[in-house]
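Containing compact mmCIF, C-alpha atoms: input_17.txt.
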# COMPACT_ATOMS: atom_id res chain seq x y z
CA MET U 1 97.12 99.75 160.81
CA LEU U 2 94.65 102.21 162.26
CA ASP U 3 94.06 102.39 166.00
CA PRO U 4 91.50 99.71 166.89
CA LEU U 5 90.18 101.99 169.63
CA ASN U 6 89.31 104.63 166.96
CA ASP U 7 90.51 107.36 169.28
CA GLN U 8 90.04 110.67 167.42
CA SER U 9 92.71 112.36 169.52
CA ASN U 10 95.19 109.74 168.34
CA PRO U 11 94.15 108.79 164.80
CA ILE U 12 97.49 107.36 163.65
CA VAL U 13 99.37 104.50 165.28
CA LEU U 14 102.58 102.78 164.28
CA ASN U 15 102.25 99.71 166.46
CA SER U 16 98.78 98.41 167.19
CA MET U 17 99.95 96.49 170.26
CA THR U 18 101.65 99.29 172.15
CA ALA U 19 99.61 102.34 171.15
CA PRO U 20 96.44 101.49 173.15
CA THR U 21 98.60 100.87 176.23
CA ILE U 22 100.21 104.29 175.92
CA ALA U 23 96.92 106.07 175.25
CA ALA U 24 95.12 104.31 178.11
CA ARG U 25 97.12 106.14 180.76
CA GLY U 26 95.16 109.35 180.27
CA PRO U 27 96.19 112.89 179.34
CA VAL U 28 99.41 114.44 180.59
CA ILE U 29 98.75 117.31 183.02
CA PRO U 30 100.42 120.69 182.30
CA ASP U 31 102.99 120.47 185.12
CA GLU U 32 104.01 116.98 184.02
CA ARG U 33 104.21 118.15 180.43
CA ALA U 34 106.65 120.94 181.29
CA GLU U 35 108.75 118.56 183.37
CA LEU U 36 108.89 115.94 180.61
CA LEU U 37 109.84 118.51 177.97
CA GLU U 38 112.65 119.66 180.26
CA VAL U 39 113.81 116.05 180.58
CA ALA U 40 113.82 115.69 176.78
CA ALA U 41 115.87 118.87 176.47
CA ARG U 42 118.36 117.57 179.06
CA LEU U 43 118.66 114.30 177.14
CA ARG U 44 119.52 116.14 173.95
CA ALA U 45 121.98 118.43 175.70
CA GLU U 46 123.68 115.51 177.45
CA VAL U 47 124.31 113.64 174.20
CA ALA U 48 125.18 116.81 172.25
CA GLY U 49 127.96 117.48 174.76
CA ARG U 50 129.74 114.38 173.47
CA ILE U 51 128.69 114.27 169.80
CA VAL U 52 129.89 117.27 167.80
CA GLY U 53 128.63 118.42 164.41
CA GLN U 54 125.68 116.01 164.04
CA GLU U 55 122.85 118.08 165.52
CA LYS U 56 120.38 117.18 162.76
CA VAL U 57 121.09 113.46 163.15
CA LEU U 58 120.69 113.67 166.92
CA ASP U 59 117.37 115.50 166.53
CA GLU U 60 116.08 112.80 164.19
CA ILE U 61 117.13 110.02 166.58
CA LEU U 62 115.26 111.72 169.43
CA MET U 63 112.20 112.27 167.21
CA ALA U 64 112.17 108.56 166.35
CA LEU U 65 112.48 107.57 170.00
CA LEU U 66 109.69 109.89 171.13
CA ALA U 67 107.49 108.70 168.28
CA GLY U 68 108.06 105.12 169.44
CA GLY U 69 109.78 104.06 166.23
CA HIS U 70 113.03 102.49 165.09
CA ALA U 71 115.81 104.26 163.20
CA LEU U 72 118.40 103.22 160.61
CA LEU U 73 121.60 105.29 160.55
CA VAL U 74 123.39 105.22 157.19
CA GLY U 75 126.79 106.80 156.65
CA VAL U 76 130.39 106.11 155.71
CA PRO U 77 132.69 104.61 158.36
CA GLY U 78 134.08 106.88 161.03
CA LEU U 79 131.15 109.26 161.48
CA ALA U 80 130.36 108.12 165.05
CA LYS U 81 127.10 106.32 164.22
CA THR U 82 127.69 103.62 166.83
CA LEU U 83 129.04 106.13 169.36
CA MET U 84 125.95 108.29 168.89
CA ILE U 85 123.60 105.39 169.63
CA ARG U 86 125.71 104.29 172.59
CA SER U 87 125.65 107.85 173.93
CA VAL U 88 121.87 108.09 173.62
CA SER U 89 121.47 104.81 175.47
CA GLU U 90 123.93 105.92 178.16
CA ALA U 91 121.87 109.05 178.80
CA MET U 92 118.70 106.96 179.17
CA ARG U 93 118.14 104.73 182.18
CA LEU U 94 117.14 101.81 179.97
CA GLY U 95 118.43 98.34 179.20
CA PHE U 96 120.88 98.39 176.28
CA ARG U 97 122.33 95.57 174.20
CA ARG U 98 124.59 95.69 171.16
CA ILE U 99 124.46 93.04 168.43
CA GLN U 100 127.32 92.97 165.93
CA PHE U 101 125.80 91.63 162.72
CA THR U 102 128.16 89.26 160.89
CA PRO U 103 127.70 86.69 158.10
CA ASP U 104 127.77 83.79 160.59
CA LEU U 105 125.16 85.29 162.96
CA VAL U 106 122.06 83.08 163.27
CA PRO U 107 118.53 84.05 164.42
CA SER U 108 118.90 82.37 167.83
CA ASP U 109 121.89 84.63 168.53
CA ILE U 110 119.36 87.48 168.48
CA THR U 111 116.14 86.06 169.90
CA GLY U 112 117.56 83.45 172.28
CA THR U 113 117.53 79.69 172.42
CA GLU U 114 116.30 76.75 174.47
CA VAL U 115 118.90 74.80 176.45
CA MET U 116 118.42 71.43 178.08
CA GLU U 117 118.99 71.22 181.83
CA GLU U 118 118.94 68.30 184.22
CA ASP U 119 117.29 68.62 187.62
CA ALA U 120 119.85 67.75 190.32
CA THR U 121 117.25 66.01 192.50
CA SER U 122 114.94 64.19 190.11
CA HIS U 123 117.46 63.90 187.30
CA SER U 124 114.67 64.83 184.90
CA ARG U 125 115.58 66.85 181.87
CA LEU U 126 113.76 69.95 180.74
CA PHE U 127 114.23 72.86 178.36
CA ARG U 128 114.84 76.38 179.61
CA PHE U 129 114.69 79.44 177.36
CA VAL U 130 117.71 81.73 177.53
CA GLN U 131 116.82 85.22 176.34
CA GLY U 132 118.86 86.76 173.55
CA PRO U 133 120.04 90.36 173.33
CA ILE U 134 116.76 91.41 171.68
CA PHE U 135 115.24 91.46 175.18
CA ALA U 136 116.35 95.01 175.96
CA ASN U 137 114.87 98.49 175.72
CA ILE U 138 117.42 99.77 173.20
CA VAL U 139 118.99 97.31 170.77
CA LEU U 140 121.92 98.45 168.63
CA ALA U 141 121.98 96.39 165.44
CA ASP U 142 125.48 97.31 164.30
CA GLU U 143 126.18 96.92 160.56
CA ILE U 144 122.83 95.22 160.12
CA ASN U 145 123.37 94.47 156.43
CA ARG U 146 126.35 92.19 157.12
CA ALA U 147 124.07 89.35 158.26
CA PRO U 148 122.16 87.17 155.76
CA PRO U 149 118.41 87.72 155.19
CA ARG U 150 117.46 84.76 157.40
CA THR U 151 119.13 86.46 160.36
CA GLN U 152 117.81 89.91 159.48
CA ALA U 153 114.29 88.43 159.51
CA ALA U 154 114.71 87.60 163.22
CA LEU U 155 114.02 91.29 163.89
CA LEU U 156 110.78 91.52 161.91
CA GLU U 157 108.36 90.40 164.64
CA ALA U 158 110.26 92.26 167.34
CA MET U 159 110.21 95.56 165.43
CA GLN U 160 106.52 95.37 164.46
CA GLU U 161 104.84 93.49 167.31
CA HIS U 162 107.30 94.16 170.16
CA SER U 163 107.37 90.44 170.89
CA VAL U 164 109.41 87.33 170.09
CA THR U 165 108.06 83.88 169.27
CA VAL U 166 110.29 80.89 170.04
CA ALA U 167 109.18 77.24 170.05
CA GLY U 168 105.55 78.30 169.63
CA GLU U 169 105.56 80.65 172.63
CA THR U 170 105.21 84.42 172.19
CA MET U 171 107.03 86.56 174.74
CA PRO U 172 106.65 90.35 175.04
CA LEU U 173 109.68 92.60 174.87
CA PRO U 174 110.31 95.25 177.54
CA ALA U 175 108.71 98.65 177.07
CA PRO U 176 109.82 100.97 175.64
CA PHE U 177 111.55 99.08 172.84
CA PHE U 178 113.72 100.57 170.10
CA VAL U 179 115.95 99.11 167.39
CA LEU U 180 118.67 101.54 166.31
CA ALA U 181 120.64 100.07 163.40
CA THR U 182 123.74 101.23 161.54
CA GLN U 183 124.72 100.59 157.96
CA ASN U 184 127.72 101.63 155.85
CA PRO U 185 126.71 102.47 152.27
CA ILE U 186 130.09 102.07 150.58
CA GLU U 187 131.12 98.65 151.88
CA GLN U 188 129.12 96.37 149.61
CA GLU U 189 131.39 93.33 149.67
CA GLY U 190 130.05 90.76 152.09
CA THR U 191 126.78 92.60 152.69
CA TYR U 192 123.13 91.71 152.17
CA PRO U 193 120.71 94.52 151.28
CA LEU U 194 117.81 94.86 153.68
CA PRO U 195 114.53 93.65 152.15
CA GLU U 196 111.72 96.15 151.61
CA ALA U 197 109.64 94.73 154.48
CA GLN U 198 112.55 95.23 156.86
CA LEU U 199 113.23 98.79 155.70
CA ASP U 200 109.56 99.70 156.06
CA ARG U 201 109.71 98.87 159.76
CA PHE U 202 112.19 101.67 160.37
CA LEU U 203 110.38 104.90 161.14
CA PHE U 204 113.37 106.95 159.94
CA ASP U 205 116.25 106.37 157.55
CA ILE U 206 118.78 108.86 158.95
CA ARG U 207 121.71 109.91 156.78
CA VAL U 208 124.93 110.74 158.64
CA SER U 209 127.15 113.05 156.59
CA TYR U 210 130.61 114.52 157.04
CA PRO U 211 130.90 117.34 159.62
CA ASP U 212 131.91 120.86 158.58
CA GLU U 213 135.44 122.11 159.21
CA ASP U 214 134.77 123.74 162.60
CA ALA U 215 132.99 120.63 163.87
CA GLU U 216 135.80 118.40 162.60
CA VAL U 217 138.38 120.50 164.46
CA ALA U 218 136.27 120.16 167.61
CA ILE U 219 136.10 116.40 167.08
CA LEU U 220 139.88 116.20 166.83
CA ARG U 221 140.23 118.26 169.99
CA ASN U 222 137.72 116.20 171.96
CA THR U 223 138.79 112.72 170.86
CA THR U 224 142.59 112.94 171.06
CA GLY U 225 142.80 113.87 174.71
CA ARG U 226 141.43 112.11 177.72
CA GLU U 227 138.69 109.49 177.44
CA TYR U 228 135.08 110.56 177.41
CA ALA U 229 133.53 111.35 180.77
CA PRO U 230 130.48 109.19 181.55
CA LEU U 231 127.13 110.70 180.66
CA ASP U 232 124.42 111.22 183.25
CA ALA U 233 121.29 109.10 182.79
CA VAL U 234 118.60 111.77 182.71
CA ILE U 235 115.48 109.83 181.67
CA ASP U 236 113.96 106.49 182.65
CA ALA U 237 111.47 104.08 181.08
CA ALA U 238 108.39 105.66 182.67
CA GLN U 239 109.36 109.14 181.48
CA THR U 240 110.10 107.82 177.98
CA ILE U 241 106.66 106.20 177.76
CA ALA U 242 105.06 109.40 179.08
CA LEU U 243 106.82 111.41 176.36
CA GLN U 244 105.57 108.95 173.75
CA ARG U 245 102.07 109.50 175.13
CA MET U 246 102.54 113.26 174.82
CA VAL U 247 103.60 112.86 171.20
CA ARG U 248 100.43 110.94 170.37
CA ASP U 249 98.33 113.58 172.13
CA VAL U 250 99.60 116.36 169.84
CA PRO U 251 96.59 117.32 167.67
CA VAL U 252 96.72 117.30 163.88
CA ALA U 253 94.28 119.17 161.63
CA ASP U 254 92.60 117.23 158.83
CA VAL U 255 94.29 119.44 156.24
CA VAL U 256 97.70 118.37 157.58
CA LEU U 257 96.66 114.70 157.51
CA GLN U 258 95.57 115.20 153.90
CA TYR U 259 98.95 116.75 153.08
CA ALA U 260 100.75 113.72 154.56
CA ALA U 261 98.48 111.34 152.63
CA ARG U 262 99.01 113.22 149.37
CA LEU U 263 102.79 113.13 149.77
CA VAL U 264 102.71 109.38 150.31
CA ARG U 265 100.25 108.71 147.50
CA ALA U 266 102.29 110.86 145.13
CA THR U 267 105.20 108.40 145.50
CA ARG U 268 103.20 105.66 143.73
CA PRO U 269 103.69 105.62 139.95
CA ASP U 270 100.17 104.33 139.23
CA GLU U 271 98.41 107.11 141.19
CA SER U 272 96.64 109.87 139.29
CA ASN U 273 98.56 112.60 141.15
CA ALA U 274 102.00 111.01 140.67
CA ILE U 275 104.53 113.51 139.38
CA PRO U 276 106.43 112.78 136.11
CA THR U 277 109.66 111.91 137.94
CA VAL U 278 107.83 109.26 139.95
CA ARG U 279 106.11 107.78 136.89
CA GLN U 280 109.42 107.48 135.08
CA PHE U 281 111.83 106.38 137.79
CA VAL U 282 109.94 104.76 140.70
CA ARG U 283 109.24 101.02 140.79
CA TRP U 284 107.29 100.92 144.05
CA GLY U 285 106.02 103.81 146.13
CA ALA U 286 105.50 104.15 149.87
CA GLY U 287 102.70 102.31 151.68
CA PRO U 288 100.30 103.51 154.40
CA ARG U 289 102.93 102.95 157.09
CA ALA U 290 104.83 105.88 155.56
CA GLY U 291 101.88 108.17 156.26
CA GLN U 292 101.77 106.97 159.83
CA ALA U 293 105.49 107.66 160.16
CA LEU U 294 105.09 111.15 158.67
CA VAL U 295 102.41 112.10 161.18
CA LEU U 296 104.13 110.59 164.21
CA GLY U 297 107.48 112.10 163.25
CA ALA U 298 105.83 115.48 162.70
CA LYS U 299 104.14 115.24 166.09
CA ALA U 300 107.48 114.54 167.75
CA HIS U 301 109.10 117.45 165.88
CA ALA U 302 106.31 119.83 166.92
CA LEU U 303 106.55 118.73 170.54
CA LEU U 304 110.33 119.16 170.68
CA ALA U 305 109.88 122.60 169.10
CA GLY U 306 107.54 123.56 171.95
CA ARG U 307 104.38 123.75 169.83
CA ASN U 308 100.97 122.34 170.72
CA ALA U 309 99.88 121.32 167.21
CA VAL U 310 101.39 119.90 164.04
CA MET U 311 102.04 122.33 161.20
CA PRO U 312 102.56 121.43 157.53
CA SER U 313 106.22 122.41 157.96
CA ASP U 314 106.59 119.58 160.50
CA ILE U 315 105.47 117.08 157.86
CA LYS U 316 107.94 118.61 155.40
CA ARG U 317 110.76 118.42 157.97
CA VAL U 318 110.46 114.64 158.40
CA ALA U 319 109.64 113.80 154.76
CA HIS U 320 113.19 112.83 153.79
CA PRO U 321 113.97 110.43 156.68
CA VAL U 322 110.49 108.89 156.34
CA LEU U 323 110.32 108.48 152.55
CA ARG U 324 113.88 108.00 151.27
CA HIS U 325 113.96 104.29 152.15
CA ARG U 326 110.36 103.64 151.11
CA VAL U 327 110.67 104.93 147.52
CA LEU U 328 112.11 102.08 145.44
CA LEU U 329 113.72 103.16 142.18
CA ASN U 330 113.76 101.24 138.91
CA PHE U 331 116.64 100.46 136.54
CA ALA U 332 116.11 103.69 134.60
CA ALA U 333 116.77 105.70 137.76
CA GLU U 334 119.95 103.74 138.44
CA ALA U 335 121.12 104.33 134.87
CA GLU U 336 120.49 108.06 135.26
CA GLY U 337 122.20 108.15 138.65
CA LEU U 338 118.99 109.39 140.25
CA SER U 339 118.56 109.00 144.02
CA ALA U 340 115.48 108.62 146.20
CA GLU U 341 116.56 111.89 147.80
CA ARG U 342 115.93 113.66 144.49
CA ILE U 343 112.50 112.05 144.20
CA VAL U 344 111.53 113.33 147.65
CA ASP U 345 112.80 116.80 146.73
CA ASP U 346 110.54 116.78 143.67
CA LEU U 347 107.58 115.60 145.73
CA LEU U 348 108.00 118.43 148.23
CA GLU U 349 108.24 120.91 145.37
CA HIS U 350 105.19 119.72 143.44
CA VAL U 351 102.73 118.60 146.16
CA PRO U 352 101.20 121.85 147.45
CA MET U 353 101.70 122.49 151.16
CA PRO U 354 98.70 123.88 153.08
CA LYS U 355 98.84 127.30 154.63
CA SER U 356 100.60 127.36 157.98
CA ASP U 357 97.88 129.36 159.82
CA ILE U 358 95.69 126.28 160.30
CA ARG U 359 93.46 125.58 163.27
CA VAL U 360 92.89 122.30 165.05
When written as structure tokens, how does the structure in this file appear?
Amino acid sequence: MLDPLNDQSNPIVLNSMTAPTIAARGPVIPDERAELLEVAARLRAEVAGRIVGQEKVLDEILMALLAGGHALLVGVPGLAKTLMIRSVSEAMRLGFRRIQFTPDLVPSDITGTEVMEEDATSHSRLFRFVQGPIFANIVLADEINRAPPRTQAALLEAMQEHSVTVAGETMPLPAPFFVLATQNPIEQEGTYPLPEAQLDRFLFDIRVSYPDEDAEVAILRNTTGREYAPLDAVIDAAQTIALQRMVRDVPVADVVLQYAARLVRATRPDESNAIPTVRQFVRWGAGPRAGQALVLGAKAHALLAGRNAVMPSDIKRVAHPVLRHRVLLNFAAEAEGLSAERIVDDLLEHVPMPKSDIRV
């Protein structure tokens, strides 16, 4: 999972195919950096003008996008999960496709299929591949857990390798490429839980909660009048890739990398530094990809905060969306009503955080 180029300025990669391409473009010059940060701020402001009361969720979506990762949005119905993703895509000048996951959806409905055509002149027959909706920059996998595992697995290669293999031929997906999926936690009838390998491919598991009273009043005011005005597309593919490159260029001190590694290792019940809660209630802990996600998410958070280096607090900020879906609880935890959220809370409390006045 480490960068095959062994680039010390970019020690952690999430996708070994795309990371060298991003890094190969060279450093971002100061003027370009300021311009790109302004573009990122405009993107957030554009979407925030439509979505009320979900600032934390919006920040985590943008962090995932800038880190080059995928995001899973989990929340009860009616919290604007789909609208939020649609709004983000509308504010980005990128190709967007929505896939409604249903029990009868098959893998070819996602990846595409071969159709037979007859040449009008020679009357010879040949197969032509018709691309599926996965061939887009932003793919909304709506209610992803309503499709059976066989169909869910159609996303595995796309999410990890940014490519699709059909009939023995591997085809690259457009860059940048993001899967933003939604899932309702309370509607279990007719659903299929995502397997661990699928969950691990999501950089963030983002929890969408109820808005506070003021935000809910604003929602009622904004949604019961005229229809939404169209959003301005403020960022294109080249700028998105440049921002991803900036994220990877954010330096990280070794002590911060060690903090990220210790957090991840502390989730594993057989590790020497596992806390008692983990030993008692965790079946499987997080793998190395979780550490990669912690560092990349922290880099994106630091960049959006206007800082030039990752601090331990950045790691702590992204710990919940990175770890909550990678810590698998056992039956004892279910009997006690214990959540992965509680496990992450305990980890952050017991794993010592380095001093913030670090140097890189």
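For the atom pair formed by atom CA of Gly287 of chain U and atom CA of Glu157 of chain U, the distance is 18.5 Å, given to one decimal.
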- Using all atoms listed in the file, find the one residue out of U:Val247, U:Leu199, U:Leu294, U:Val278 that sits nearest to Arg326 of chain U. U:Leu199
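Atom to atom, atom CA of Asp232 of chain U and atom CA of Gly132 of chain U stand 26.9 Å apart.
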- From U:Leu126, U:Ala293, U:Val139, U:Leu66, residue lying nearest Pro321 of chain U [all atoms listed in the file]: U:Ala293
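Omitting segment 327-332 of chain U and its sequence neighbours fewer than 5 positions away, and counting all atoms listed in the file, the residues within 6 Å are U:Phe281, U:Val282, U:Arg283, U:Trp284, U:Gly285, U:Ala286.
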- Could you state the separation of atom CA of Val255 of chain U and atom CA of Met311 of chain U in Å, given to one decimal place? 9.6 Å
- Determine, counting all atoms listed in the file, which protein, DNA and RNA residues have an atom within 10 Å of an atom of Leu155 of chain U; residues of the same chain fewer than 2 positions away are not included. Present the result as a PyMOL selection string. chain U and resi 107+110-111+134+141+150-153+157-160+162-164+179+198+201
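Compared by their closest atoms to Asn184 of chain U, and using all atoms listed in the file, the residues U:Arg265, U:Arg207, U:Arg221, U:Arg33 rank with U:Arg207 nearest.
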